[in-house]
file structure.cif (mmCIF, C-alpha atoms and all ligand atoms)
data_upload
#
loop_
_atom_site.group_PDB
_atom_site.id
_atom_site.type_symbol
_atom_site.label_atom_id
_atom_site.label_comp_id
_atom_site.auth_asym_id
_atom_site.auth_seq_id
_atom_site.Cartn_x
_atom_site.Cartn_y
_atom_site.Cartn_z
ATOM 1 C CA MET I 173 0.000 0.000 0.000
ATOM 2 C CA ASP I 174 1.232 3.483 -0.833
ATOM 3 C CA GLU I 175 2.083 5.387 2.325
ATOM 4 C CA ASN I 176 0.075 8.389 1.114
ATOM 5 C CA ASP I 177 -3.068 6.243 1.308
ATOM 6 C CA PHE I 178 -3.199 6.146 5.088
ATOM 7 C CA SER I 179 -2.521 8.421 8.013
ATOM 8 C CA GLY I 180 0.881 7.910 9.489
ATOM 9 C CA LEU I 181 4.082 9.146 11.013
ATOM 10 C CA GLY I 182 7.082 8.712 8.740
ATOM 11 C CA TRP I 183 10.069 8.703 11.009
ATOM 12 C CA PRO I 184 13.465 7.008 10.604
ATOM 13 C CA ILE I 185 14.160 7.629 14.352
ATOM 14 C CA LYS I 186 17.920 8.143 14.080
ATOM 15 C CA THR I 187 19.772 7.003 11.008
ATOM 16 C CA SER I 188 23.201 7.039 12.654
ATOM 17 C CA PHE I 189 21.904 4.761 15.450
ATOM 18 C CA ALA I 190 20.355 2.309 12.967
ATOM 19 C CA ARG I 191 23.651 2.297 11.065
ATOM 20 C CA TYR I 192 25.609 1.689 14.302
ATOM 21 C CA VAL I 193 23.381 -1.250 15.312
ATOM 22 C CA GLY I 194 23.561 -2.578 11.756
ATOM 23 C CA SER I 195 27.349 -2.548 11.978
ATOM 24 C CA LEU I 196 27.435 -4.794 15.093
ATOM 25 C CA PRO I 197 28.083 -8.478 14.394
ATOM 26 C CA ASP I 198 24.881 -9.434 16.245
ATOM 27 C CA GLY I 199 22.974 -6.177 15.604
ATOM 28 C CA ARG I 200 19.280 -6.585 14.807
ATOM 29 C CA ALA I 201 16.331 -4.284 14.171
ATOM 30 C CA ALA I 202 13.079 -6.225 14.554
ATOM 31 C CA LEU I 203 9.917 -4.581 13.235
ATOM 32 C CA ARG I 204 6.625 -5.064 15.056
ATOM 33 C CA ASP I 205 3.294 -4.650 13.239
ATOM 34 C CA PRO I 206 1.758 -2.455 12.036
ATOM 35 C CA ILE I 207 4.932 -0.470 11.344
ATOM 36 C CA LYS I 208 5.910 -0.390 7.682
ATOM 37 C CA ALA I 209 9.259 0.054 5.996
ATOM 38 C CA SER I 210 9.273 3.056 3.662
ATOM 39 C CA GLN I 211 11.711 4.159 0.991
ATOM 40 C CA ARG I 212 10.913 7.810 1.569
ATOM 41 C CA THR I 213 10.981 8.057 5.356
ATOM 42 C CA GLY I 214 12.580 4.780 6.463
ATOM 43 C CA LEU I 215 9.692 3.714 8.693
ATOM 44 C CA VAL I 216 6.007 4.591 8.886
ATOM 45 C CA PHE I 217 3.962 4.187 12.066
ATOM 46 C CA PRO I 218 0.259 4.103 11.066
ATOM 47 C CA LEU I 219 -2.209 6.263 12.985
ATOM 48 C CA ALA I 220 -4.067 4.257 15.644
ATOM 49 C CA ASP I 221 -6.119 7.008 17.247
ATOM 50 C CA GLY I 222 -6.438 10.663 16.325
ATOM 51 C CA GLY I 223 -9.735 11.260 18.099
ATOM 52 C CA ASN I 224 -8.403 13.884 20.439
ATOM 53 C CA PHE I 225 -6.674 15.946 17.753
ATOM 54 C CA ASP I 226 -8.338 19.192 16.655
ATOM 55 C CA GLY I 227 -7.401 19.962 13.042
ATOM 56 C CA GLY I 228 -8.750 23.507 13.326
ATOM 57 C CA SER I 229 -6.289 24.633 15.954
ATOM 58 C CA GLY I 230 -3.655 21.949 15.416
ATOM 59 C CA THR I 231 -3.698 20.765 19.017
ATOM 60 C CA GLY I 232 -4.173 17.414 20.708
ATOM 61 C CA VAL I 233 -2.697 13.950 20.741
ATOM 62 C CA LEU I 234 -2.054 11.683 17.758
ATOM 63 C CA ARG I 235 -1.381 8.043 18.641
ATOM 64 C CA PHE I 236 0.540 5.841 16.252
ATOM 65 C CA SER I 237 1.321 2.168 16.618
ATOM 66 C CA GLY I 238 3.985 -0.327 15.671
ATOM 67 C CA GLY I 239 7.496 -0.645 16.911
ATOM 68 C CA ILE I 240 11.108 -1.465 16.243
ATOM 69 C CA GLY I 241 13.398 -3.251 18.671
ATOM 70 C CA PHE I 242 17.119 -2.709 18.301
ATOM 71 C CA THR I 243 19.374 -5.333 19.902
ATOM 72 C CA GLY I 244 23.101 -6.001 19.905
ATOM 73 C CA HIS I 245 26.243 -6.381 22.008
ATOM 74 C CA PHE I 246 25.031 -9.828 23.125
ATOM 75 C CA GLY I 247 21.919 -8.483 24.824
ATOM 76 C CA MET I 248 23.530 -5.440 26.468
ATOM 77 C CA LEU I 249 22.030 -3.106 23.895
ATOM 78 C CA ARG I 250 18.220 -3.120 23.841
ATOM 79 C CA VAL I 251 16.381 -0.086 22.586
ATOM 80 C CA ASP I 252 12.677 -0.420 21.889
ATOM 81 C CA ILE I 253 10.892 2.395 20.084
ATOM 82 C CA ALA I 254 7.188 1.579 20.040
ATOM 83 C CA ASP I 255 3.782 3.235 19.709
ATOM 84 C CA PRO I 256 4.910 6.856 19.303
ATOM 85 C CA TRP I 257 2.414 9.555 20.289
ATOM 86 C CA LEU I 258 2.638 13.205 19.314
ATOM 87 C CA ARG I 259 1.350 15.695 21.876
ATOM 88 C CA ILE I 260 0.897 18.723 19.663
ATOM 89 C CA ASP I 261 0.353 22.309 20.625
ATOM 90 C CA GLY I 262 0.349 24.334 17.409
ATOM 91 C CA ASP I 263 3.873 24.378 16.114
ATOM 92 C CA THR I 264 5.615 22.564 18.956
ATOM 93 C CA GLY I 265 5.144 19.218 20.646
ATOM 94 C CA ILE I 266 6.456 16.235 22.545
ATOM 95 C CA LEU I 267 7.005 12.765 21.116
ATOM 96 C CA SER I 268 6.499 9.950 23.624
ATOM 97 C CA ILE I 269 6.927 6.198 23.281
ATOM 98 C CA ALA I 270 5.623 3.143 25.110
ATOM 99 C CA ALA I 271 7.660 2.246 28.183
ATOM 100 C CA GLY I 272 6.048 -0.883 29.611
ATOM 101 C CA ALA I 273 2.482 -1.559 30.642
ATOM 102 C CA ASP I 274 0.462 1.674 30.585
ATOM 103 C CA LYS I 275 3.599 3.780 30.903
ATOM 104 C CA ARG I 276 4.982 6.359 28.520
ATOM 105 C CA LEU I 277 8.364 7.989 28.175
ATOM 106 C CA ASP I 278 8.716 11.513 26.791
ATOM 107 C CA LEU I 279 11.483 10.935 24.271
ATOM 108 C CA ALA I 280 11.926 14.244 22.482
ATOM 109 C CA SER I 281 10.527 17.706 21.926
ATOM 110 C CA PHE I 282 10.052 18.990 18.383
ATOM 111 C CA ARG I 283 8.960 21.896 16.199
ATOM 112 C CA LEU I 284 6.277 21.478 13.538
ATOM 113 C CA ALA I 285 6.191 23.155 10.147
ATOM 114 C CA TRP I 286 2.620 22.754 8.877
ATOM 115 C CA ASP I 287 1.992 22.534 5.115
ATOM 116 C CA ASP I 288 -1.709 23.402 5.302
ATOM 117 C CA ALA I 289 -4.257 25.375 7.329
ATOM 118 C CA ALA I 290 -6.258 22.174 7.991
ATOM 119 C CA HIS I 291 -3.311 20.765 9.956
ATOM 120 C CA ARG I 292 -3.031 17.537 8.008
ATOM 121 C CA ASP I 293 0.521 17.566 6.739
ATOM 122 C CA ALA I 294 3.592 18.691 8.560
ATOM 123 C CA ARG I 295 7.265 18.184 8.988
ATOM 124 C CA GLY I 296 8.573 17.645 12.519
ATOM 125 C CA GLU I 297 11.968 19.190 13.007
ATOM 126 C CA ALA I 298 14.595 19.866 15.655
ATOM 127 C CA LEU I 299 13.752 16.727 17.624
ATOM 128 C CA ALA I 300 15.710 17.143 20.849
ATOM 129 C CA LEU I 301 16.196 14.189 23.228
ATOM 130 C CA THR I 302 14.919 14.644 26.764
ATOM 131 C CA ALA I 303 17.128 13.523 29.667
ATOM 132 C CA ALA I 304 15.100 10.280 29.931
ATOM 133 C CA GLY I 305 15.408 9.842 26.178
ATOM 134 C CA ALA I 306 19.183 10.148 26.393
ATOM 135 C CA GLU I 307 19.197 7.435 29.081
ATOM 136 C CA LEU I 308 17.246 5.116 26.812
ATOM 137 C CA PHE I 309 20.199 5.214 24.438
ATOM 138 C CA GLY I 310 22.600 4.197 27.214
ATOM 139 C CA SER I 311 23.570 7.853 27.684
ATOM 140 C CA ALA I 312 25.717 7.531 24.556
ATOM 141 C CA TYR I 313 23.793 10.643 23.463
ATOM 142 C CA GLY I 314 23.426 13.676 25.672
ATOM 143 C CA GLU I 315 20.179 15.496 26.419
ATOM 144 C CA GLY I 316 19.297 17.686 23.436
ATOM 145 C CA THR I 317 20.866 15.375 20.854
ATOM 146 C CA GLU I 318 18.897 15.636 17.646
ATOM 147 C CA LEU I 319 16.857 12.728 16.307
ATOM 148 C CA ASP I 320 15.783 12.495 12.664
ATOM 149 C CA SER I 321 12.969 14.711 11.392
ATOM 150 C CA PHE I 322 9.578 13.152 10.742
ATOM 151 C CA ILE I 323 6.737 13.611 8.285
ATOM 152 C CA LEU I 324 3.179 13.712 9.546
ATOM 153 C CA HIS I 325 0.444 12.791 7.075
ATOM 154 C CA LEU I 326 -3.247 12.711 8.010
ATOM 155 C CA ILE I 327 -6.018 11.835 5.580
ATOM 156 C CA GLY I 328 -9.796 11.732 5.796
HETATM 157 C C1 LIG W 401 29.571 -3.823 25.114
HETATM 158 C C2 LIG W 401 29.027 -2.656 25.193
HETATM 159 C C3 LIG W 401 29.225 -1.551 24.177
HETATM 160 C C4 LIG W 401 30.309 -1.222 23.406
HETATM 161 C C5 LIG W 401 31.662 -1.894 23.358
HETATM 162 C C6 LIG W 401 29.931 -0.065 22.621
HETATM 163 C C7 LIG W 401 30.746 0.558 21.701
HETATM 164 C C8 LIG W 401 30.417 1.648 20.948
HETATM 165 C C9 LIG W 401 31.276 2.308 19.991
HETATM 166 C C10 LIG W 401 32.701 1.914 19.646
HETATM 167 C C11 LIG W 401 30.578 3.335 19.456
HETATM 168 C C12 LIG W 401 31.060 4.331 18.387
HETATM 169 C C13 LIG W 401 30.592 3.772 17.065
HETATM 170 C C14 LIG W 401 30.859 4.670 15.897
HETATM 171 O O1 LIG W 401 31.139 5.861 16.066
HETATM 172 O O2 LIG W 401 30.746 4.178 14.771
HETATM 173 C C15 LIG W 401 29.289 3.342 20.072
HETATM 174 C C16 LIG W 401 28.278 4.222 19.768
HETATM 175 C C17 LIG W 401 27.029 4.200 20.334
HETATM 176 N N1 LIG W 401 26.566 3.299 21.263
HETATM 177 FE FE1 LIG W 401 27.567 1.732 22.019
HETATM 178 N N2 LIG W 401 28.660 0.262 22.893
HETATM 179 C C18 LIG W 401 28.186 -0.613 23.854
HETATM 180 C C19 LIG W 401 26.939 -0.639 24.422
HETATM 181 C C20 LIG W 401 25.926 0.228 24.119
HETATM 182 C C21 LIG W 401 24.609 0.207 24.718
HETATM 183 C C22 LIG W 401 24.140 -0.769 25.805
HETATM 184 C C23 LIG W 401 23.899 1.221 24.147
HETATM 185 C C24 LIG W 401 22.472 1.682 24.342
HETATM 186 C C25 LIG W 401 21.570 1.125 25.082
HETATM 187 C C26 LIG W 401 24.772 1.878 23.196
HETATM 188 C C27 LIG W 401 24.415 2.947 22.431
HETATM 189 C C28 LIG W 401 25.266 3.604 21.554
HETATM 190 C C29 LIG W 401 24.867 4.760 20.793
HETATM 191 C C30 LIG W 401 23.511 5.446 20.839
HETATM 192 C C31 LIG W 401 25.968 5.129 20.019
HETATM 193 C C32 LIG W 401 26.052 6.310 19.037
HETATM 194 C C33 LIG W 401 25.579 5.868 17.673
HETATM 195 C C34 LIG W 401 25.620 7.012 16.660
HETATM 196 O O3 LIG W 401 26.671 7.193 16.026
HETATM 197 O O4 LIG W 401 24.618 7.711 16.526
HETATM 198 N N3 LIG W 401 25.988 1.238 23.199
HETATM 199 N N4 LIG W 401 29.215 2.302 20.957
#

call {"tool": "encode", "arguments": {"input": "structure.cif", "output": "structure tokens"}}
result
Amino acid sequence: MDENDFSGLGWPIKTSFARYVGSLPDGRAALRDPIKASQRTGLVFPLADGGNFDGGSGTGVLRFSGGIGFTGHFGMLRVDIADPWLRIDGDTGILSIAAGADKRLDLASFRLAWDDAAHRDARGEALALTAAGAELFGSAYGEGTELDSFILHLIG
């Protein structure tokens, strides 16, 4: 299916990290449904619930699902990025991910450049790791380290 046919978050997470894990002898990146691989944006997390999002003002929460589990270094490296949610307030927001049963971790803040007044298409930029987000990556990155930009696409 063409990724323009459904609402989703196109987000490669962090290309240098994926490359690093890919370079490890036992490095793996396991995809969990319904995430999709994409040529354009690396990965697409389909929208699971956008009920709370107000397209008029561009505020609310968009919940996406699917995940990717990075492993390597004989089990010492385990980084799971799953079910990202965008908490959007106009042209800024917070990206959180699942962190165990009913828990969320605020991973990064971002800026949004909207393409349209209806708040359907945007580019998320300047993703800056929170302190907890930096810890998730074994503190190999410091707080504020930039993650890859994302593309937000909402239809219907
Ligand atoms: C046996 C344990 C480990 C060793 C020997 C190790 C070694 C390294 C080395 C040599 C680099 C630099 C790679 C490069 O510049 O190409 C690196 C980068 C990195 N490591 Fe590890 N590492 C270990 C464990 C971990 C763990 C447990 C995590 C996270 C949970 C982690 C996360 C990272 C990250 C995020 C980078 C930066 C990747 C980038 O370039 O963006 N490492 N590590």

call {"tool": "axis_aligned_box", "arguments": {"input": "structure.cif", "around": "ligand LIG 401 (chain W)", "padding_each_side": "5 Å", "output": "lines of an AutoDock Vina configuration file"}}
result
center_x = 27.1
center_y = 1.9
center_z = 20.3
size_x = 21.1
size_y = 21.5
size_z = 21.0

call {"tool": "closest_atom_pairs", "arguments": {"input": "structure.cif", "of": "chain I", "to": "ligand LIG 401 (chain W)", "cutoff": "10 Å", "atoms": "only C-alpha atoms and all ligand atoms", "output": "tab-separated table"}}
result
residue	atom	partner	partner_atom	distance
I:Lys186	CA	W:LIG401	O4	7.1
I:Thr187	CA	W:LIG401	O4	7.4
I:Ser188	CA	W:LIG401	O4	4.2
I:Phe189	CA	W:LIG401	O4	4.2
I:Ala190	CA	W:LIG401	O4	7.7
I:Arg191	CA	W:LIG401	C34	7.6
I:Tyr192	CA	W:LIG401	C33	5.4
I:Val193	CA	W:LIG401	C33	7.8
I:Ser195	CA	W:LIG401	O2	8.0
I:Leu196	CA	W:LIG401	C7	9.1
I:Phe242	CA	W:LIG401	C25	9.0
I:Thr243	CA	W:LIG401	C25	8.6
I:Gly244	CA	W:LIG401	C22	8.0
I:His245	CA	W:LIG401	C1	5.2
I:Phe246	CA	W:LIG401	C1	7.8
I:Gly247	CA	W:LIG401	C22	8.1
I:Met248	CA	W:LIG401	C22	4.8
I:Leu249	CA	W:LIG401	C22	3.7
I:Arg250	CA	W:LIG401	C25	5.5
I:Val251	CA	W:LIG401	C25	5.9
I:Asp252	CA	W:LIG401	C25	9.6
I:Ala306	CA	W:LIG401	C30	8.5
I:Glu307	CA	W:LIG401	C25	7.8
I:Leu308	CA	W:LIG401	C25	6.1
I:Phe309	CA	W:LIG401	C24	4.2
I:Gly310	CA	W:LIG401	C24	3.8
I:Ser311	CA	W:LIG401	C24	7.1
I:Ala312	CA	W:LIG401	C29	4.7
I:Tyr313	CA	W:LIG401	C30	5.8
I:Gly314	CA	W:LIG401	C30	9.5
I:Thr317	CA	W:LIG401	O4	9.6
I:Glu318	CA	W:LIG401	O4	9.8
I:Leu319	CA	W:LIG401	O4	9.2

call {"tool": "resolve_selection", "arguments": {"input": "structure.cif", "expression": "the PyMOL selection byres (((chain I and resi 323) around 12) and not hetatm)", "output": "MDAnalysis selection string"}}
result
chainID I and resid 175:176 179:185 210 212:218 258 282:287 292:297 320:322 324:326

call {"tool": "closest_residue", "arguments": {"input": "structure.cif", "among": "I:Ala254, I:Gly241, I:Thr231, I:Gly222", "to": "His291 of chain I", "atoms": "all atoms listed in the file"}}
result
I:Thr231

call {"tool": "closest_residue", "arguments": {"input": "structure.cif", "among": "I:Gly305, I:Leu203, I:Gly223, I:Ala209", "to": "Gly239 of chain I", "atoms": "only C-alpha atoms"}}
result
I:Leu203

call {"tool": "atom_distance", "arguments": {"input": "structure.cif", "atom1": "atom CA of Arg259 of chain I", "atom2": "atom CA of Asp226 of chain I"}}
result
11.5 Å

call {"tool": "closest_residue", "arguments": {"input": "structure.cif", "among": "I:Gly316, I:Gly238, I:Gly328, I:Gly272", "to": "Trp257 of chain I", "atoms": "only C-alpha atoms"}}
result
I:Gly238

call {"tool": "atom_distance", "arguments": {"input": "structure.cif", "atom1": "atom CA of Ser237 of chain I", "atom2": "atom CA of Asp205 of chain I"}}
result
7.9 Å

call {"tool": "atom_distance", "arguments": {"input": "structure.cif", "atom1": "atom CA of Leu299 of chain I", "atom2": "atom CA of Ile266 of chain I"}}
result
8.8 Å

call {"tool": "closest_residue", "arguments": {"input": "structure.cif", "among": "I:Leu219, I:Ala202, I:Val233, I:Ala280", "to": "Ile327 of chain I", "atoms": "all atoms listed in the file"}}
result
I:Leu219

call {"tool": "residues_around", "arguments": {"input": "structure.cif", "residues": "Asp278 of chain I", "least_positions_apart": "4", "cutoff": "9 Å", "atoms": "all atoms listed in the file", "output": "PyMOL selection string"}}
result
chain I and resi 266-269+301-302+304-305

call {"tool": "residues_around", "arguments": {"input": "structure.cif", "residues": "Ala290 of chain I", "least_positions_apart": "5", "cutoff": "9 Å", "atoms": "only C-alpha atoms", "output": "JSON, numbers by chain"}}
result
{"I": [227, 228, 229, 230]}

call {"tool": "write_last_selection", "arguments": {"input": "structure.cif", "atoms": "C-alpha atoms", "output": "compact mmCIF listing (two decimals), in the frame of the given file"}}
result
# COMPACT_ATOMS: atom_id res chain seq x y z
CA GLY I 227 -7.40 19.96 13.04
CA GLY I 228 -8.75 23.51 13.33
CA SER I 229 -6.29 24.63 15.95
CA GLY I 230 -3.66 21.95 15.42

call {"tool": "closest_residue", "arguments": {"input": "structure.cif", "among": "I:Ala298, I:Ala303, I:Leu234, I:Ile207", "to": "Ile260 of chain I", "atoms": "all atoms listed in the file"}}
result
I:Leu234

call {"tool": "closest_residue", "arguments": {"input": "structure.cif", "among": "I:Phe178, I:Ala289, I:Gln211, I:Gly265", "to": "Phe236 of chain I", "atoms": "only C-alpha atoms"}}
result
I:Phe178
